[in-house]
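File shown: input_1.tsv. Contents: TSV, C-alpha atoms.
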```tsv
chain	number	residue	atom	x	y	z
A	254	VAL	CA	-114.33	88.70	5.04
A	255	ARG	CA	-110.97	86.95	5.36
A	256	PRO	CA	-109.31	84.87	2.62
A	257	TRP	CA	-106.90	82.27	4.04
A	258	LYS	CA	-104.00	80.18	2.81
A	259	GLN	CA	-104.22	76.42	3.35
A	260	ALA	CA	-101.38	76.64	5.87
A	261	GLY	CA	-103.65	78.73	8.10
A	262	ALA	CA	-102.34	82.22	7.39
A	263	CYS	CA	-104.86	85.03	6.83
A	264	ILE	CA	-104.06	86.78	3.56
A	265	ARG	CA	-106.06	89.93	4.27
A	266	SER	CA	-109.18	91.28	5.96
A	267	LEU	CA	-111.72	92.67	3.51
A	268	GLU	CA	-114.27	95.20	4.73
A	269	SER	CA	-117.72	94.09	3.65
A	270	GLY	CA	-121.39	94.18	4.53
A	271	TYR	CA	-123.12	91.44	6.53
A	272	GLY	CA	-121.79	88.51	4.48
A	273	LEU	CA	-123.99	85.43	4.07
A	274	CYS	CA	-122.15	83.61	1.26
A	275	SER	CA	-118.89	83.97	-0.62
A	276	MET	CA	-116.67	82.42	-3.27
A	277	PHE	CA	-113.42	82.94	-5.13
A	278	VAL	CA	-113.41	84.02	-8.76
A	279	PRO	CA	-111.27	81.61	-10.86
A	280	GLY	CA	-107.64	82.65	-10.47
A	281	ASN	CA	-108.17	83.44	-6.76
A	282	LYS	CA	-107.46	87.15	-7.27
A	283	GLN	CA	-111.00	88.30	-6.51
A	284	VAL	CA	-113.65	87.33	-3.95
A	285	ILE	CA	-117.41	87.66	-4.34
A	286	VAL	CA	-119.57	88.19	-1.24
A	287	GLY	CA	-123.37	88.07	-1.04
A	288	THR	CA	-124.76	90.20	1.79
A	289	LYS	CA	-127.81	90.45	4.02
A	290	GLU	CA	-128.50	93.87	2.51
A	291	GLY	CA	-128.98	92.34	-0.97
A	292	LYS	CA	-125.67	93.39	-2.45
A	293	VAL	CA	-123.12	91.32	-4.34
A	294	GLU	CA	-119.66	92.65	-3.54
A	295	LEU	CA	-116.60	92.12	-5.72
A	296	HIS	CA	-113.32	92.43	-3.81
A	297	GLU	CA	-109.72	92.39	-5.04
A	298	VAL	CA	-107.65	90.25	-2.66
A	299	SER	CA	-104.20	91.76	-3.28
A	300	SER	CA	-105.18	95.40	-2.64
A	301	GLY	CA	-108.19	94.81	-0.39
A	302	THR	CA	-110.26	97.24	-2.46
A	303	VAL	CA	-113.93	96.86	-3.37
A	304	LEU	CA	-114.10	96.73	-7.16
A	305	GLU	CA	-117.89	96.75	-7.33
A	306	LEU	CA	-120.95	96.97	-5.09
A	307	VAL	CA	-123.91	95.62	-7.07
A	308	ASP	CA	-127.50	96.07	-5.87
A	309	ALA	CA	-128.30	92.51	-6.88
A	310	HIS	CA	-131.40	91.61	-4.85
A	311	GLU	CA	-134.16	93.33	-2.89
A	312	GLY	CA	-133.54	90.98	0.05
A	313	ALA	CA	-130.74	88.92	1.54
A	314	VAL	CA	-128.42	87.11	-0.90
A	315	TRP	CA	-128.47	83.60	0.54
A	316	SER	CA	-126.40	81.77	-2.06
A	317	VAL	CA	-123.93	82.26	-4.90
A	318	ALA	CA	-122.62	79.61	-7.30
A	319	LEU	CA	-119.81	79.66	-9.84
A	320	ARG	CA	-120.70	78.67	-13.39
A	321	PRO	CA	-118.74	75.52	-14.33
A	322	ASP	CA	-116.99	77.24	-17.26
A	323	GLY	CA	-115.63	79.84	-14.80
A	324	ARG	CA	-116.98	82.75	-16.83
A	325	GLY	CA	-119.95	83.69	-14.71
A	326	MET	CA	-122.08	82.97	-11.66
A	327	MET	CA	-125.60	83.02	-10.28
A	328	SER	CA	-127.06	84.43	-7.08
A	329	GLY	CA	-130.23	83.54	-5.18
A	330	GLY	CA	-132.04	85.85	-2.80
A	331	ALA	CA	-134.93	86.46	-0.45
A	332	ASP	CA	-136.64	88.52	-3.20
A	333	LYS	CA	-137.67	85.21	-4.84
A	334	LYS	CA	-135.23	85.71	-7.73
A	335	VAL	CA	-132.22	83.93	-9.18
A	336	LYS	CA	-129.95	86.25	-11.15
A	337	PHE	CA	-127.29	85.23	-13.65
A	338	TRP	CA	-124.08	87.18	-14.15
A	339	ASP	CA	-121.15	87.18	-16.59
A	340	PHE	CA	-117.59	88.08	-15.60
A	341	GLU	CA	-116.47	90.97	-17.81
A	342	LEU	CA	-113.27	92.96	-18.19
A	343	ILE	CA	-113.96	96.70	-18.35
A	344	LYS	CA	-111.95	99.92	-18.51
A	345	ASP	CA	-112.09	101.89	-15.27
A	346	PRO	CA	-109.87	105.00	-15.04
A	347	GLU	CA	-110.27	105.05	-11.26
A	348	TYR	CA	-108.82	101.53	-11.09
A	349	SER	CA	-106.05	101.82	-13.70
A	350	THR	CA	-105.25	103.84	-16.81
A	351	THR	CA	-103.75	100.78	-18.53
A	352	ALA	CA	-105.22	97.57	-17.12
A	353	LYS	CA	-108.85	96.47	-17.24
A	354	ARG	CA	-110.64	95.26	-14.15
A	355	LEU	CA	-113.18	92.54	-13.49
A	356	SER	CA	-116.86	93.45	-13.45
A	357	LEU	CA	-120.21	91.68	-13.09
A	358	GLY	CA	-122.66	91.94	-15.97
A	359	HIS	CA	-126.28	90.95	-15.30
A	360	THR	CA	-127.65	88.70	-18.07
A	361	ARG	CA	-130.88	87.00	-16.93
A	362	THR	CA	-133.34	86.83	-14.04
A	363	LEU	CA	-135.43	83.85	-12.98
A	364	GLU	CA	-138.50	84.75	-10.91
A	365	LEU	CA	-139.97	82.17	-8.51
A	366	ASP	CA	-142.86	81.93	-6.05
A	367	GLU	CA	-140.78	81.55	-2.87
A	368	ASP	CA	-137.57	82.90	-1.29
A	369	VAL	CA	-134.45	81.29	-2.76
A	370	LEU	CA	-132.17	79.67	-0.15
A	371	CYS	CA	-129.58	77.80	-2.24
A	372	VAL	CA	-128.51	77.61	-5.90
A	373	ARG	CA	-126.24	75.07	-7.63
A	374	TYR	CA	-125.06	74.23	-11.16
A	375	SER	CA	-124.56	70.71	-12.48
A	376	ALA	CA	-120.94	70.17	-13.55
A	377	ASP	CA	-121.88	70.01	-17.25
A	378	SER	CA	-123.94	73.24	-16.95
A	379	LYS	CA	-127.02	71.39	-18.19
A	380	PHE	CA	-129.09	72.04	-15.05
A	381	VAL	CA	-129.47	74.56	-12.24
A	382	ALA	CA	-130.99	73.49	-8.93
A	383	VAL	CA	-132.81	75.98	-6.71
A	384	SER	CA	-134.04	75.30	-3.16
A	385	LEU	CA	-137.01	77.34	-1.97
A	386	LEU	CA	-138.54	78.39	1.33
A	387	ASP	CA	-141.52	76.06	0.72
A	388	SER	CA	-139.16	73.07	1.30
A	389	THR	CA	-139.03	72.06	-2.37
A	390	VAL	CA	-136.16	71.99	-4.86
A	391	LYS	CA	-136.69	73.02	-8.47
A	392	VAL	CA	-134.37	71.71	-11.19
A	393	LEU	CA	-134.34	73.68	-14.44
A	394	TYR	CA	-132.49	73.59	-17.75
A	395	GLU	CA	-129.67	76.14	-17.55
A	396	ASP	CA	-129.90	77.36	-21.16
A	397	SER	CA	-133.66	77.98	-21.38
A	398	LEU	CA	-134.54	78.07	-17.64
A	399	LYS	CA	-137.43	75.74	-18.45
A	400	PHE	CA	-138.73	73.47	-15.71
A	401	PHE	CA	-137.32	69.92	-15.49
A	402	LEU	CA	-138.01	68.47	-12.01
A	403	SER	CA	-139.57	69.41	-8.70
A	404	LEU	CA	-138.33	67.52	-5.65
A	405	TYR	CA	-140.78	67.12	-2.75
A	406	GLY	CA	-140.23	65.35	0.56
A	407	HIS	CA	-138.49	67.62	3.06
A	408	LYS	CA	-140.64	68.87	5.94
A	409	LEU	CA	-138.56	72.03	6.41
A	410	PRO	CA	-136.56	74.17	3.94
A	411	VAL	CA	-133.43	72.84	2.20
A	412	LEU	CA	-130.51	74.92	3.48
A	413	SER	CA	-127.81	73.38	1.31
A	414	MET	CA	-127.42	71.01	-1.63
A	415	ASP	CA	-124.89	69.74	-4.12
A	416	ILE	CA	-124.82	67.82	-7.41
A	417	SER	CA	-122.32	65.01	-8.00
A	418	THR	CA	-119.71	65.62	-10.70
A	419	ASP	CA	-121.25	63.02	-13.03
A	420	GLY	CA	-124.64	64.74	-12.70
A	421	THR	CA	-126.53	61.64	-11.56
A	422	LEU	CA	-127.11	62.51	-7.88
A	423	LEU	CA	-128.42	65.53	-6.03
A	424	ALA	CA	-127.94	65.67	-2.25
A	425	THR	CA	-130.08	67.99	-0.12
A	426	GLY	CA	-129.60	68.96	3.52
A	427	SER	CA	-132.54	70.42	5.38
A	428	ALA	CA	-133.63	72.11	8.59
A	429	ASP	CA	-135.64	68.91	9.22
A	430	LYS	CA	-132.29	67.23	10.15
A	431	THR	CA	-132.36	64.86	7.15
A	432	LEU	CA	-130.06	64.32	4.21
A	433	LYS	CA	-131.86	63.17	1.06
A	434	LEU	CA	-130.28	61.65	-2.05
A	435	TRP	CA	-132.12	62.11	-5.34
A	436	GLY	CA	-131.64	60.72	-8.82
A	437	LEU	CA	-131.41	63.52	-11.37
A	438	ASP	CA	-132.78	61.39	-14.20
A	439	PHE	CA	-136.34	61.07	-12.86
A	440	GLY	CA	-136.22	63.02	-9.58
A	441	ASP	CA	-136.81	59.94	-7.40
A	442	CYS	CA	-135.60	59.97	-3.79
A	443	HIS	CA	-133.03	57.16	-3.46
A	444	ARG	CA	-132.80	57.45	0.33
A	445	SER	CA	-133.67	59.76	3.20
A	446	LEU	CA	-131.08	59.66	5.99
A	447	ARG	CA	-131.62	60.94	9.51
A	448	ALA	CA	-128.20	62.52	9.27
A	449	HIS	CA	-127.86	64.87	12.23
A	450	ALA	CA	-129.37	65.91	15.56
A	451	ASP	CA	-130.06	69.43	14.25
A	452	SER	CA	-130.44	71.33	10.95
A	453	VAL	CA	-128.15	70.23	8.11
A	454	THR	CA	-126.37	73.43	7.08
A	455	ALA	CA	-123.96	72.24	4.38
A	456	VAL	CA	-123.71	69.38	1.88
A	457	VAL	CA	-120.74	68.91	-0.49
A	458	PHE	CA	-119.79	66.04	-2.79
A	459	VAL	CA	-116.17	64.98	-3.11
A	460	PRO	CA	-115.26	65.70	-6.78
A	461	ASN	CA	-115.58	62.77	-9.20
A	462	THR	CA	-117.07	60.47	-6.53
A	463	HIS	CA	-120.37	59.65	-4.84
A	464	TYR	CA	-118.91	60.37	-1.41
A	465	LEU	CA	-120.14	63.50	0.35
A	466	PHE	CA	-119.70	65.56	3.49
A	467	SER	CA	-122.49	67.10	5.54
A	468	ALA	CA	-122.34	69.64	8.35
A	469	SER	CA	-124.90	70.59	10.95
A	470	LYS	CA	-125.93	72.93	13.73
A	471	ASP	CA	-125.24	69.95	16.04
A	472	GLY	CA	-121.51	70.75	15.59
A	473	SER	CA	-120.57	67.64	13.63
A	474	VAL	CA	-119.19	67.00	10.14
A	475	LYS	CA	-120.09	63.63	8.62
A	476	TYR	CA	-118.70	61.70	5.65
A	477	TRP	CA	-121.14	59.53	3.65
A	478	ASP	CA	-121.16	56.93	0.90
A	479	ALA	CA	-124.09	58.01	-1.30
A	480	ASP	CA	-124.20	54.70	-3.23
A	481	LYS	CA	-124.41	52.47	-0.16
A	482	PHE	CA	-126.26	55.10	1.96
A	483	GLU	CA	-123.75	54.54	4.76
A	484	LEU	CA	-122.07	56.81	7.27
A	485	VAL	CA	-118.31	56.40	6.77
A	486	LEU	CA	-116.94	58.83	9.34
A	487	SER	CA	-118.12	61.35	11.92
A	488	LEU	CA	-115.85	64.29	12.72
A	489	ASN	CA	-116.65	65.87	16.08
A	490	ALA	CA	-114.25	68.65	16.98
A	491	HIS	CA	-116.26	71.87	16.69
A	492	LEU	CA	-117.79	73.27	19.87
A	493	SER	CA	-120.77	74.92	18.20
A	494	GLU	CA	-122.82	75.01	14.98
A	495	VAL	CA	-120.96	74.26	11.73
A	496	TRP	CA	-122.27	76.68	9.11
A	497	CYS	CA	-120.16	76.03	6.01
A	498	LEU	CA	-118.11	73.36	4.33
A	499	VAL	CA	-115.90	73.13	1.25
A	500	VAL	CA	-113.97	70.23	-0.29
A	501	SER	CA	-110.72	70.73	-2.21
A	502	SER	CA	-110.73	70.19	-5.99
A	503	LEU	CA	-108.65	67.01	-5.52
A	504	GLY	CA	-110.81	65.79	-2.66
A	505	ASP	CA	-107.80	65.37	-0.35
A	506	PHE	CA	-108.97	67.78	2.35
A	507	VAL	CA	-112.15	69.46	3.58
A	508	VAL	CA	-112.55	72.78	5.41
A	509	SER	CA	-115.31	73.52	7.93
A	510	GLY	CA	-116.28	76.86	9.46
A	511	SER	CA	-118.11	77.07	12.76
A	512	HIS	CA	-119.91	79.42	15.12
A	513	ASP	CA	-117.15	78.56	17.64
A	514	ARG	CA	-115.01	81.03	15.60
A	515	SER	CA	-112.73	78.30	14.28
A	516	ILE	CA	-111.94	77.07	10.77
A	517	ARG	CA	-110.81	73.46	10.70
A	518	ILE	CA	-108.94	71.70	7.90
A	519	TRP	CA	-109.47	67.93	7.74
A	520	ALA	CA	-106.85	66.12	5.66
A	521	GLN	CA	-107.22	62.70	4.10
A	522	SER	CA	-105.03	60.07	5.77
A	523	ASP	CA	-103.99	56.49	5.05
A	524	GLU	CA	-105.62	55.17	8.20
A	525	GLN	CA	-108.29	52.53	7.69
A	526	VAL	CA	-111.85	53.25	8.77
A	527	PHE	CA	-113.96	50.42	10.19
A	528	LEU	CA	-117.62	51.14	9.53
A	529	GLU	CA	-118.79	48.93	12.40
A	530	GLU	CA	-116.90	51.16	14.84
A	531	GLU	CA	-118.36	54.32	13.28
A	532	ARG	CA	-121.88	52.99	13.75
```
For this file, produce the structure as structure tokens.
Amino acid sequence: VRPWKQAGACIRSLESGYGLCSMFVPGNKQVIVGTKEGKVELHEVSSGTVLELVDAHEGAVWSVALRPDGRGMMSGGADKKVKFWDFELIKDPEYSTTAKRLSLGHTRTLELDEDVLCVRYSADSKFVAVSLLDSTVKVLYEDSLKFFLSLYGHKLPVLSMDISTDGTLLATGSADKTLKLWGLDFGDCHRSLRAHADSVTAVVFVPNTHYLFSASKDGSVKYWDADKFELVLSLNAHLSEVWCLVVSSLGDFVVSGSHDRSIRIWAQSDEQVFLEEER
């Protein structure tokens, strides 16, 4: 696993298992990696050391998501479970005799009927969304884990999803090549878009907007207006499948990672986009 600076410099190489998902802990001093072997790894960036190796799941860890308050996370795995974790500071003589180190404390487990492929929090922490191998998405209340909505419509599993900052829209990207936009009040499908020529691997909203980016195994990254259901921009520079996507907290740049071994940073510009030309 390699953390990078925005300028393109690799900070460090971290030895890990077969990583399937990852994220920074708030403060950017630690990285969490979910692996194919079912472990959740906690790495310290500055030293490159593994702080913890947690046997989190009995199958691949397909997704991790940071809790909006920054004090915990959840993980979803092929063992049909979603697990919830708190960030804790503990004393560890092997780490330091004076300073405490970060640790993961398991708090709750949600058991489901199918493999878990993707997990997401709503920005207000009211809901958690879970996509399953049976092509459905379950939305539950975060505090009680009681059922709220079930979203049906995709013909193949949902590989990625995201919830808009205001909590009104849920976007799902599936192996059936479609991007679906759902209302989180009643679970109705606002629109189904034939978004890509292959599986949709990543979907991310731009913070505080209803604009979103999608990425696909067809090698493209696309920028959408989720209110007008329109394609705004298509970014075609990768030479192979695009597997992951992240948007900056200010929404001024987006980063895509591809099977062509490249990471591309797309910065917002002042150039006008003419939708007729994009179509």
### Message
Just checking: using all atoms listed in the file, which residue out of A:Gln259, A:Thr350, A:Ser384, A:Thr431 ends up closest to Val411 (chain A)?
### Response
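Among the listed residues, the smallest separation from Val411 (chain A) belongs to A:Ser384.
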### Query
In Å, how far is it from CA of Leu385 (chain A) to CA of Val456 (chain A)?
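Computing it gives 16.0 Å between the two atoms.
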### Message
Which residues are close to Met276 (chain A), i.e. within 9 Å by all atoms listed in the file, leaving aside same-chain residues fewer than 2 positions away? Reply as JSON, numbers by chain.
### Response
{"A": [274, 278, 283, 284, 285, 286, 317, 318, 319]}
### Task
Could you check how far CA of Thr362 (chain A) sits from CA of Val459 (chain A), in Å to one decimal?
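According to the coordinates, CA of Thr362 (chain A) and CA of Val459 (chain A) are separated by 29.9 Å.
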### Query
Smallest atom-to-atom distance to Leu423 (chain A): which of A:Asp523, A:Asp368, A:Asp505, A:Asp480, using only C-alpha atoms?
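Ranked by minimum distance to Leu423 (chain A), first place goes to A:Asp480.
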### Query
In Å, how far is it from CA of His310 (chain A) to CA of Val457 (chain A)?
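It comes out at 25.5 Å.
Shortest separation to Leu498 (chain A) among A:Leu484, A:Val390, A:Ala455, A:Val298 occurs at residue A:Ala455, atoms counted being only C-alpha atoms.
Among the candidates A:Lys282, A:Arg361, A:Lys470, A:Lys334, the residue lying nearest to Asp396 (chain A) is A:Arg361 (atoms considered: only C-alpha atoms).
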### Distance query Asp451 (chain A) at most 12 Å, all atoms listed in the file, self and fewer than 4 positions along chain excluded, as a list in words
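Counting all atoms listed in the file, the residues come to Leu409, Gly426, Ser427, Ala428, Asp429, Lys430, Thr431, Leu432, Arg447, Ala455, Ser467, Ala468, Ser469, Lys470, Asp471, Gly472, Ser473, Val474, Ser493, Glu494, Val495 and Trp496 of chain A.
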### Selection as an MDAnalysis selection string: residues within 6 Å of (-139.0, 76.5, 0.7), counting all atoms listed in the file
chainID A and resid 385:389 410
### Task
Have a look at A:Tyr348, A:Ser378, A:Gly291, A:Leu412 and name the one nearest to Gly325 (chain A); count only C-alpha atoms.
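Comparing A:Tyr348, A:Ser378, A:Gly291, A:Leu412 against Gly325 (chain A), the winner is A:Ser378.
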### Task
For each of A:Phe400, A:Trp477, A:Trp257, A:Phe380, take the minimum atom-to-atom distance to Phe277 (chain A), counting only C-alpha atoms, then give the residue where this is smallest.
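Ranking A:Phe400, A:Trp477, A:Trp257, A:Phe380 by distance to Phe277 (chain A), first place goes to A:Trp257.
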Complete the atoms of region 481-493 of chain A to N, CA and C atoms and put them out as a short mmCIF file (atom, residue, chain, number, x, y, z; two decimals), keeping the file's coordinate frame.
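Contents of part-v4.cif, as written:
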```
data_model
loop_
_atom_site.label_atom_id
_atom_site.label_comp_id
_atom_site.auth_asym_id
_atom_site.auth_seq_id
_atom_site.Cartn_x
_atom_site.Cartn_y
_atom_site.Cartn_z
N LYS A 481 -124.02 53.48 -1.14
CA LYS A 481 -124.41 52.47 -0.16
C LYS A 481 -125.28 53.06 0.96
N PHE A 482 -125.46 54.39 0.94
CA PHE A 482 -126.26 55.10 1.96
C PHE A 482 -125.72 54.86 3.37
N GLU A 483 -124.39 54.83 3.48
CA GLU A 483 -123.75 54.54 4.76
C GLU A 483 -122.95 55.71 5.29
N LEU A 484 -122.95 55.85 6.61
CA LEU A 484 -122.07 56.81 7.27
C LEU A 484 -120.67 56.19 7.34
N VAL A 485 -119.69 56.90 6.78
CA VAL A 485 -118.31 56.40 6.77
C VAL A 485 -117.55 56.92 7.99
N LEU A 486 -117.75 58.19 8.31
CA LEU A 486 -116.94 58.83 9.34
C LEU A 486 -117.69 60.01 9.96
N SER A 487 -117.54 60.19 11.24
CA SER A 487 -118.12 61.35 11.92
C SER A 487 -116.99 62.14 12.56
N LEU A 488 -116.92 63.43 12.23
CA LEU A 488 -115.85 64.29 12.72
C LEU A 488 -116.43 65.27 13.74
N ASN A 489 -116.06 65.09 15.01
CA ASN A 489 -116.65 65.87 16.08
C ASN A 489 -115.56 66.64 16.83
N ALA A 490 -115.27 67.84 16.32
CA ALA A 490 -114.25 68.65 16.98
C ALA A 490 -114.75 70.07 17.25
N HIS A 491 -115.74 70.52 16.48
CA HIS A 491 -116.26 71.87 16.69
C HIS A 491 -117.09 71.93 17.97
N LEU A 492 -117.10 73.09 18.60
CA LEU A 492 -117.79 73.27 19.87
C LEU A 492 -119.17 73.93 19.70
N SER A 493 -119.50 74.27 18.46
CA SER A 493 -120.77 74.92 18.20
C SER A 493 -121.22 74.60 16.78
#
```
